[in-house]
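Text of entry_15.cif, listed as mmCIF, C-alpha atoms and all ligand atoms:
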data_final
#
loop_
_atom_site.label_atom_id
_atom_site.label_comp_id
_atom_site.auth_asym_id
_atom_site.auth_seq_id
_atom_site.Cartn_x
_atom_site.Cartn_y
_atom_site.Cartn_z
CA MET A 1 -6.81 -9.88 6.27
CA PHE A 2 -7.67 -13.58 6.28
CA ALA A 3 -11.31 -12.88 5.38
CA GLY A 4 -10.37 -10.24 2.80
CA HIS A 5 -8.18 -12.69 0.87
CA PHE A 6 -10.98 -15.27 0.80
CA ALA A 7 -13.45 -12.60 -0.30
CA LEU A 8 -11.40 -12.09 -3.48
CA ALA A 9 -11.72 -15.81 -4.22
CA ALA A 10 -15.49 -15.54 -3.82
CA ALA A 11 -15.52 -12.52 -6.15
CA ALA A 12 -13.39 -14.37 -8.70
CA THR A 13 -16.00 -17.12 -9.08
CA ARG A 14 -17.77 -14.67 -11.38
CA THR A 15 -15.14 -15.20 -14.03
CA THR A 16 -14.78 -18.94 -13.65
CA ASP A 17 -17.42 -20.71 -15.68
CA ARG A 18 -15.92 -24.12 -16.17
CA THR A 19 -12.41 -23.12 -15.11
CA ALA A 20 -10.97 -23.67 -11.62
CA PRO A 21 -13.31 -24.74 -8.77
CA LEU A 22 -14.00 -22.57 -5.71
CA TRP A 23 -11.71 -24.56 -3.36
CA ALA A 24 -8.78 -23.95 -5.73
CA LEU A 25 -9.50 -20.20 -5.86
CA MET A 26 -9.66 -20.09 -2.07
CA LEU A 27 -6.40 -22.00 -1.79
CA ALA A 28 -4.80 -19.61 -4.32
CA THR A 29 -5.66 -16.51 -2.27
CA GLN A 30 -4.04 -18.05 0.84
CA LEU A 31 -1.13 -19.86 -0.81
CA LEU A 32 1.55 -17.41 0.38
CA ASP A 33 0.33 -17.84 3.96
CA VAL A 34 0.22 -21.64 3.54
CA PHE A 35 3.93 -21.56 2.67
CA PHE A 36 4.49 -19.05 5.48
CA VAL A 37 3.03 -21.54 7.99
CA ILE A 38 5.16 -24.36 6.51
CA LEU A 39 8.31 -22.24 6.87
CA PHE A 40 7.22 -21.27 10.38
CA LEU A 41 6.83 -24.92 11.37
CA ALA A 42 10.17 -25.73 9.71
CA GLY A 43 12.13 -24.03 12.45
CA ARG A 44 10.66 -20.52 12.40
CA VAL A 45 12.33 -19.61 9.11
CA GLU A 46 9.44 -17.14 8.83
CA TYR A 47 7.53 -15.78 11.83
CA ALA A 48 5.61 -12.79 13.16
CA ASP A 49 6.25 -10.37 16.02
CA GLU A 50 3.47 -8.68 17.94
CA VAL A 51 3.65 -4.89 17.75
CA HIS A 52 0.52 -4.85 19.92
CA PRO A 53 -1.94 -7.61 20.78
CA GLY A 54 -5.07 -7.99 18.67
CA TYR A 55 -6.21 -7.17 15.15
CA GLY A 56 -3.54 -5.75 12.84
CA GLY A 57 -0.88 -5.92 15.53
CA LEU A 58 1.68 -8.01 13.65
CA PHE A 59 5.03 -7.32 12.11
CA ILE A 60 5.56 -10.22 9.69
CA HIS A 61 8.97 -11.70 8.97
CA ALA A 62 8.19 -13.53 5.74
CA ASP A 63 11.24 -12.74 3.66
CA TYR A 64 10.76 -15.60 1.19
CA THR A 65 7.05 -16.19 0.67
CA HIS A 66 6.09 -12.51 0.97
CA SER A 67 8.99 -10.97 -0.93
CA LEU A 68 7.81 -9.40 -4.19
CA VAL A 69 9.89 -11.74 -6.35
CA GLY A 70 9.09 -14.77 -4.14
CA ALA A 71 5.36 -14.06 -4.40
CA LEU A 72 5.61 -13.68 -8.18
CA ALA A 73 7.51 -16.99 -8.40
CA ILE A 74 4.92 -18.84 -6.28
CA ALA A 75 2.16 -17.29 -8.42
CA ALA A 76 3.92 -18.38 -11.61
CA VAL A 77 4.51 -21.97 -10.47
CA GLY A 78 1.02 -22.25 -8.96
CA GLY A 79 -0.52 -20.73 -12.09
CA GLY A 80 1.43 -23.16 -14.27
CA LEU A 81 0.22 -26.18 -12.29
CA ALA A 82 -3.34 -24.84 -12.34
CA ALA A 83 -3.14 -24.29 -16.12
CA TRP A 84 -2.10 -27.92 -16.55
CA ARG A 85 -5.20 -29.00 -14.61
CA TRP A 86 -7.79 -26.35 -15.57
CA GLY A 87 -6.52 -24.82 -18.79
CA ARG A 88 -5.05 -21.44 -19.64
CA ARG A 89 -7.81 -19.31 -18.15
CA GLY A 90 -7.87 -21.31 -14.95
CA GLY A 91 -4.09 -21.00 -14.67
CA LEU A 92 -4.09 -17.24 -15.22
CA LEU A 93 -6.86 -16.78 -12.68
CA PHE A 94 -5.12 -19.01 -10.12
CA GLY A 95 -1.79 -17.22 -10.55
CA GLY A 96 -3.49 -13.82 -10.38
CA LEU A 97 -5.25 -14.74 -7.15
CA VAL A 98 -2.00 -16.02 -5.61
CA PHE A 99 -0.42 -12.64 -6.33
CA SER A 100 -3.52 -10.74 -5.16
CA HIS A 101 -2.52 -11.88 -1.66
CA TRP A 102 0.67 -9.84 -1.89
CA ILE A 103 -1.21 -6.76 -3.11
CA LEU A 104 -3.71 -6.91 -0.24
CA ASP A 105 -0.89 -7.56 2.23
CA LEU A 106 0.98 -4.57 0.77
CA LEU A 107 -2.00 -2.43 1.70
CA VAL A 108 -2.26 -3.54 5.34
CA HIS A 109 1.22 -4.71 6.40
CA ARG A 110 3.68 -2.44 8.12
CA ALA A 111 6.79 -1.98 5.97
CA ASP A 112 7.84 -5.62 6.27
CA LEU A 113 7.59 -6.89 2.68
CA PRO A 114 11.02 -7.21 1.00
CA VAL A 115 11.64 -7.07 -2.75
CA LEU A 116 13.98 -10.05 -3.13
CA PRO A 117 13.74 -13.47 -1.41
CA GLY A 118 15.68 -13.56 1.86
CA ASP A 119 15.82 -9.74 1.71
CA LEU A 120 18.82 -10.04 -0.62
CA GLY A 121 20.58 -6.73 -1.10
CA GLY A 122 18.72 -5.17 1.83
CA LEU A 123 16.48 -3.13 -0.48
CA PRO A 124 13.71 -1.01 1.06
CA ARG A 125 10.76 -2.97 2.44
CA PHE A 126 7.19 -2.15 1.53
CA GLY A 127 3.83 -1.98 3.28
CA PHE A 128 1.36 0.89 3.48
CA GLY A 129 0.52 0.00 7.10
CA LEU A 130 -3.27 0.25 7.03
CA TRP A 131 -3.22 -2.06 10.07
CA ARG A 132 -2.10 0.92 12.10
CA ILE A 133 -5.66 2.23 11.76
CA GLY A 134 -7.51 -0.87 12.93
CA TRP A 135 -11.06 0.36 12.31
CA LEU A 136 -10.21 1.43 8.75
CA SER A 137 -8.64 -1.95 7.91
CA ALA A 138 -11.73 -3.65 9.31
CA VAL A 139 -13.97 -1.41 7.15
CA VAL A 140 -11.91 -2.22 4.02
CA GLU A 141 -12.03 -5.91 4.83
CA GLY A 142 -15.77 -5.68 5.48
CA ALA A 143 -16.25 -3.99 2.09
CA LEU A 144 -14.29 -6.80 0.42
CA ILE A 145 -16.56 -9.35 2.10
CA VAL A 146 -19.70 -7.56 0.86
CA ALA A 147 -18.32 -7.25 -2.70
CA GLY A 148 -17.14 -10.88 -2.67
CA THR A 149 -20.51 -12.14 -1.44
CA VAL A 150 -22.48 -10.16 -4.04
CA ALA A 151 -20.23 -11.41 -6.84
CA TYR A 152 -20.53 -14.96 -5.52
CA TYR A 153 -24.33 -14.71 -5.51
CA ARG A 154 -24.28 -13.48 -9.12
CA SER A 155 -21.95 -16.27 -10.19
CA VAL A 156 -24.24 -18.95 -8.70
CA ARG A 157 -27.20 -17.33 -10.51
CA LYS A 158 -25.24 -17.09 -13.74
CA ARG A 159 -24.44 -20.78 -13.62
CA GLY A 160 -28.17 -21.46 -13.54
CA GLY A 161 -28.69 -21.69 -9.77
CA ALA A 162 -32.21 -20.85 -8.59
CA ARG A 163 -32.60 -17.62 -6.61
CA ARG A 164 -33.18 -19.54 -3.37
CA ARG A 165 -30.10 -21.71 -3.86
CA ALA A 166 -27.95 -18.69 -4.72
CA LEU A 167 -29.19 -16.87 -1.62
CA VAL A 168 -28.35 -19.84 0.62
CA ALA A 169 -24.90 -20.21 -0.99
CA ALA A 170 -24.15 -16.48 -0.71
CA ALA A 171 -25.42 -16.33 2.88
CA SER A 172 -23.19 -19.28 3.86
CA MET A 173 -20.25 -17.59 2.17
CA ALA A 174 -20.99 -14.27 3.91
CA GLY A 175 -21.35 -16.08 7.24
CA LEU A 176 -17.99 -17.84 6.86
CA LEU A 177 -16.19 -14.66 5.82
CA ALA A 178 -17.79 -12.63 8.61
CA LEU A 179 -16.80 -15.31 11.11
CA ALA A 180 -13.21 -15.21 9.84
CA LEU A 181 -13.15 -11.41 10.17
CA ALA A 182 -14.76 -11.53 13.63
CA SER A 183 -12.21 -14.06 14.91
CA ASP A 184 -9.46 -11.87 13.47
CA LEU A 185 -10.89 -8.75 15.16
CA LEU A 186 -11.15 -10.58 18.47
CA ALA A 187 -7.66 -12.02 17.87
CA LEU A 188 -8.83 -15.54 18.54
CA GLU A 189 -6.72 -17.02 15.77
ZN ZN A 201 0.14 -13.01 3.95
#
Step by step, read the file and then write its structure as C-alpha cells.
Amino acid sequence: MFAGHFALAAAATRTTDRTAPLWALMLATQLLDVFFVILFLAGRVEYADEVHPGYGGLFIHADYTHSLVGALAIAAVGGGLAAWRWGRRGGLLFGGLVFSHWILDLLVHRADLPVLPGDLGGLPRFGFGLWRIGWLSAVVEGALIVAGTVAYYRSVRKRGGARRRALVAAASMAGLLALALASDLLALE
C-alpha cells in the first residue's frame, strides 16, 4: 500500500494552496511506517512476518506505531508541529494525512492492528484483510493512484500552472506511483 498512501498525499495537494508543501504531505502519509522502520532498526521492536511471499503477504507486528491510539498520538503531535510551521490548516491537513495511513492499513492489513500501544489489555486487533485478495488490493491501490494523479493535475492547474507543465508534473507523479506499486507487486522492496 506504499503507492496508495502516497496517492492520498498527491490528492491532498488540491486543498493546500499556500499551506504545507508536497514533500510534507508525502512524509505525513508515510510517517507511521517511518517510525515502524526506526523501531525495526532499534532491535526489531516492530517487525513483519511473511504469511506468503510477494504482494500483500505480510503480517505486521507494529503494536506501537500502528495501534489506533498510537497512530492518533503521532497524528496529533505531527499535526501540532506542522501547524507551528504551516498554520492551522496545514497542521490539520498534516495530522489528517498521518492518520489516513492507519485507515488505509485497516483496509488491507490482516487483523494485526491493536487498539492500545503495546497491545495493552489484549483487546481485539483490527484489519479487514483486503491483502488476502491480492488482485483486488492492487485494483484499489491503482484506483487511488489514478484519483491522486488527477487531483494533483488539477491542483497544479489551479495554482496557475500551464496545461503543459501540469501534464508533465502529473505524468511524473503517476510514473512514480506506478513504479512504487509495480515494485510492491513484484515484491522487490
Ligand atoms: Zn503502515
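For ligand ZN 201 (chain A), the protein and nucleic acid residues at most 7 Å away, judged by all atoms listed in the file, amount to A:Leu32, A:Asp33, A:His66, A:His101, A:Trp102, A:Asp105.
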Produce a file of the selected residues containing C-alpha atoms, as a PDB file, in the coordinates of the input.
ATOM      1  CA  LEU A  32       1.550 -17.410   0.380  1.00  0.00           C
ATOM      2  CA  ASP A  33       0.330 -17.840   3.960  1.00  0.00           C
ATOM      3  CA  HIS A  66       6.090 -12.510   0.970  1.00  0.00           C
ATOM      4  CA  HIS A 101      -2.520 -11.880  -1.660  1.00  0.00           C
ATOM      5  CA  TRP A 102       0.670  -9.840  -1.890  1.00  0.00           C
ATOM      6  CA  ASP A 105      -0.890  -7.560   2.230  1.00  0.00           C
TER       7      ASP A 105
END
Please list as a PDB file with C-alpha atoms, in the frame of the given file every residue within 10 Å of Phe94 in chain A, counting only C-alpha atoms and excluding residues in the same chain fewer than 3 positions away.
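The resulting file, part_37.pdb, is reproduced below:
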ATOM      1  CA  ALA A   9     -11.720 -15.810  -4.220  1.00  0.00           C
ATOM      2  CA  ALA A  12     -13.390 -14.370  -8.700  1.00  0.00           C
ATOM      3  CA  THR A  19     -12.410 -23.120 -15.110  1.00  0.00           C
ATOM      4  CA  ALA A  20     -10.970 -23.670 -11.620  1.00  0.00           C
ATOM      5  CA  ALA A  24      -8.780 -23.950  -5.730  1.00  0.00           C
ATOM      6  CA  LEU A  25      -9.500 -20.200  -5.860  1.00  0.00           C
ATOM      7  CA  MET A  26      -9.660 -20.090  -2.070  1.00  0.00           C
ATOM      8  CA  LEU A  27      -6.400 -22.000  -1.790  1.00  0.00           C
ATOM      9  CA  ALA A  28      -4.800 -19.610  -4.320  1.00  0.00           C
ATOM     10  CA  THR A  29      -5.660 -16.510  -2.270  1.00  0.00           C
ATOM     11  CA  ALA A  75       2.160 -17.290  -8.420  1.00  0.00           C
ATOM     12  CA  ALA A  76       3.920 -18.380 -11.610  1.00  0.00           C
ATOM     13  CA  GLY A  78       1.020 -22.250  -8.960  1.00  0.00           C
ATOM     14  CA  GLY A  79      -0.520 -20.730 -12.090  1.00  0.00           C
ATOM     15  CA  GLY A  80       1.430 -23.160 -14.270  1.00  0.00           C
ATOM     16  CA  LEU A  81       0.220 -26.180 -12.290  1.00  0.00           C
ATOM     17  CA  ALA A  82      -3.340 -24.840 -12.340  1.00  0.00           C
ATOM     18  CA  ALA A  83      -3.140 -24.290 -16.120  1.00  0.00           C
ATOM     19  CA  TRP A  86      -7.790 -26.350 -15.570  1.00  0.00           C
ATOM     20  CA  ARG A  88      -5.050 -21.440 -19.640  1.00  0.00           C
ATOM     21  CA  ARG A  89      -7.810 -19.310 -18.150  1.00  0.00           C
ATOM     22  CA  GLY A  90      -7.870 -21.310 -14.950  1.00  0.00           C
ATOM     23  CA  GLY A  91      -4.090 -21.000 -14.670  1.00  0.00           C
ATOM     24  CA  LEU A  97      -5.250 -14.740  -7.150  1.00  0.00           C
ATOM     25  CA  VAL A  98      -2.000 -16.020  -5.610  1.00  0.00           C
ATOM     26  CA  PHE A  99      -0.420 -12.640  -6.330  1.00  0.00           C
ATOM     27  CA  SER A 100      -3.520 -10.740  -5.160  1.00  0.00           C
TER      28      SER A 100
END
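Closest to Ala187 in chain A among A:Gly95, A:Gly134, A:Gly54, A:Pro21 is A:Gly54, based on only C-alpha atoms.
Close contacts of range 165-170 of chain A, defined as residues with an atom at most 7 Å away when counting all atoms listed in the file, with chain neighbours fewer than 2 positions off set aside, comprise A:Thr149, A:Tyr152, A:Tyr153, A:Val156, A:Arg157, A:Gly161, A:Ala162, A:Arg163, A:Ser172, A:Met173, A:Ala174.
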Save the residues we just selected, C-alpha atoms, as a PDB file, in the coordinates of the input?
ATOM      1  CA  THR A 149     -20.510 -12.140  -1.440  1.00  0.00           C
ATOM      2  CA  TYR A 152     -20.530 -14.960  -5.520  1.00  0.00           C
ATOM      3  CA  TYR A 153     -24.330 -14.710  -5.510  1.00  0.00           C
ATOM      4  CA  VAL A 156     -24.240 -18.950  -8.700  1.00  0.00           C
ATOM      5  CA  ARG A 157     -27.200 -17.330 -10.510  1.00  0.00           C
ATOM      6  CA  GLY A 161     -28.690 -21.690  -9.770  1.00  0.00           C
ATOM      7  CA  ALA A 162     -32.210 -20.850  -8.590  1.00  0.00           C
ATOM      8  CA  ARG A 163     -32.600 -17.620  -6.610  1.00  0.00           C
ATOM      9  CA  SER A 172     -23.190 -19.280   3.860  1.00  0.00           C
ATOM     10  CA  MET A 173     -20.250 -17.590   2.170  1.00  0.00           C
ATOM     11  CA  ALA A 174     -20.990 -14.270   3.910  1.00  0.00           C
TER      12      ALA A 174
END
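We find CA of Phe6 in chain A and CA of Leu106 in chain A to be spaced 16.0 Å apart.
What separates CA of Val77 in chain A from CA of Leu8 in chain A is a distance of 20.0 Å.
Closest approach to Gly96 in chain A among A:Pro124, A:Leu177, A:Leu31, A:Ser67 is made by A:Leu31 (distances from only C-alpha atoms).
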field: Separation of CA of Gly118 in chain A from CA of Ser137 in chain A, in Å and rounded to one decimal
entry: 27.6 Å
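Closest approach to Asp49 in chain A among A:His61, A:Leu144, A:Trp23, A:Ala7 is made by A:His61 (distances from all atoms listed in the file).
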message: Counting only C-alpha atoms, which residue out of A:Ala62, A:Leu104, A:Leu179, A:Ala71 sits closest to Glu46 in chain A?
response: A:Ala62
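Minimum atom-to-atom distances from A:Thr65, A:Thr15, A:Ser155, A:Gln30 to Phe2 in chain A were compared using only C-alpha atoms, and the lowest value belongs to A:Gln30.
Among the candidate residues A:Gly160, A:Gly87, A:Gly70, A:Gly57, the one lying nearest to Arg132 in chain A is A:Gly57, with distances computed using all atoms listed in the file.
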message: For His109 in chain A, find every residue with an atom within 10 Å (counting only C-alpha atoms), except residues of its own chain fewer than 2 positions away, and show them as number ranges by chain.
response: A: 1, 56-60, 102, 104-107, 111-113, 126-132
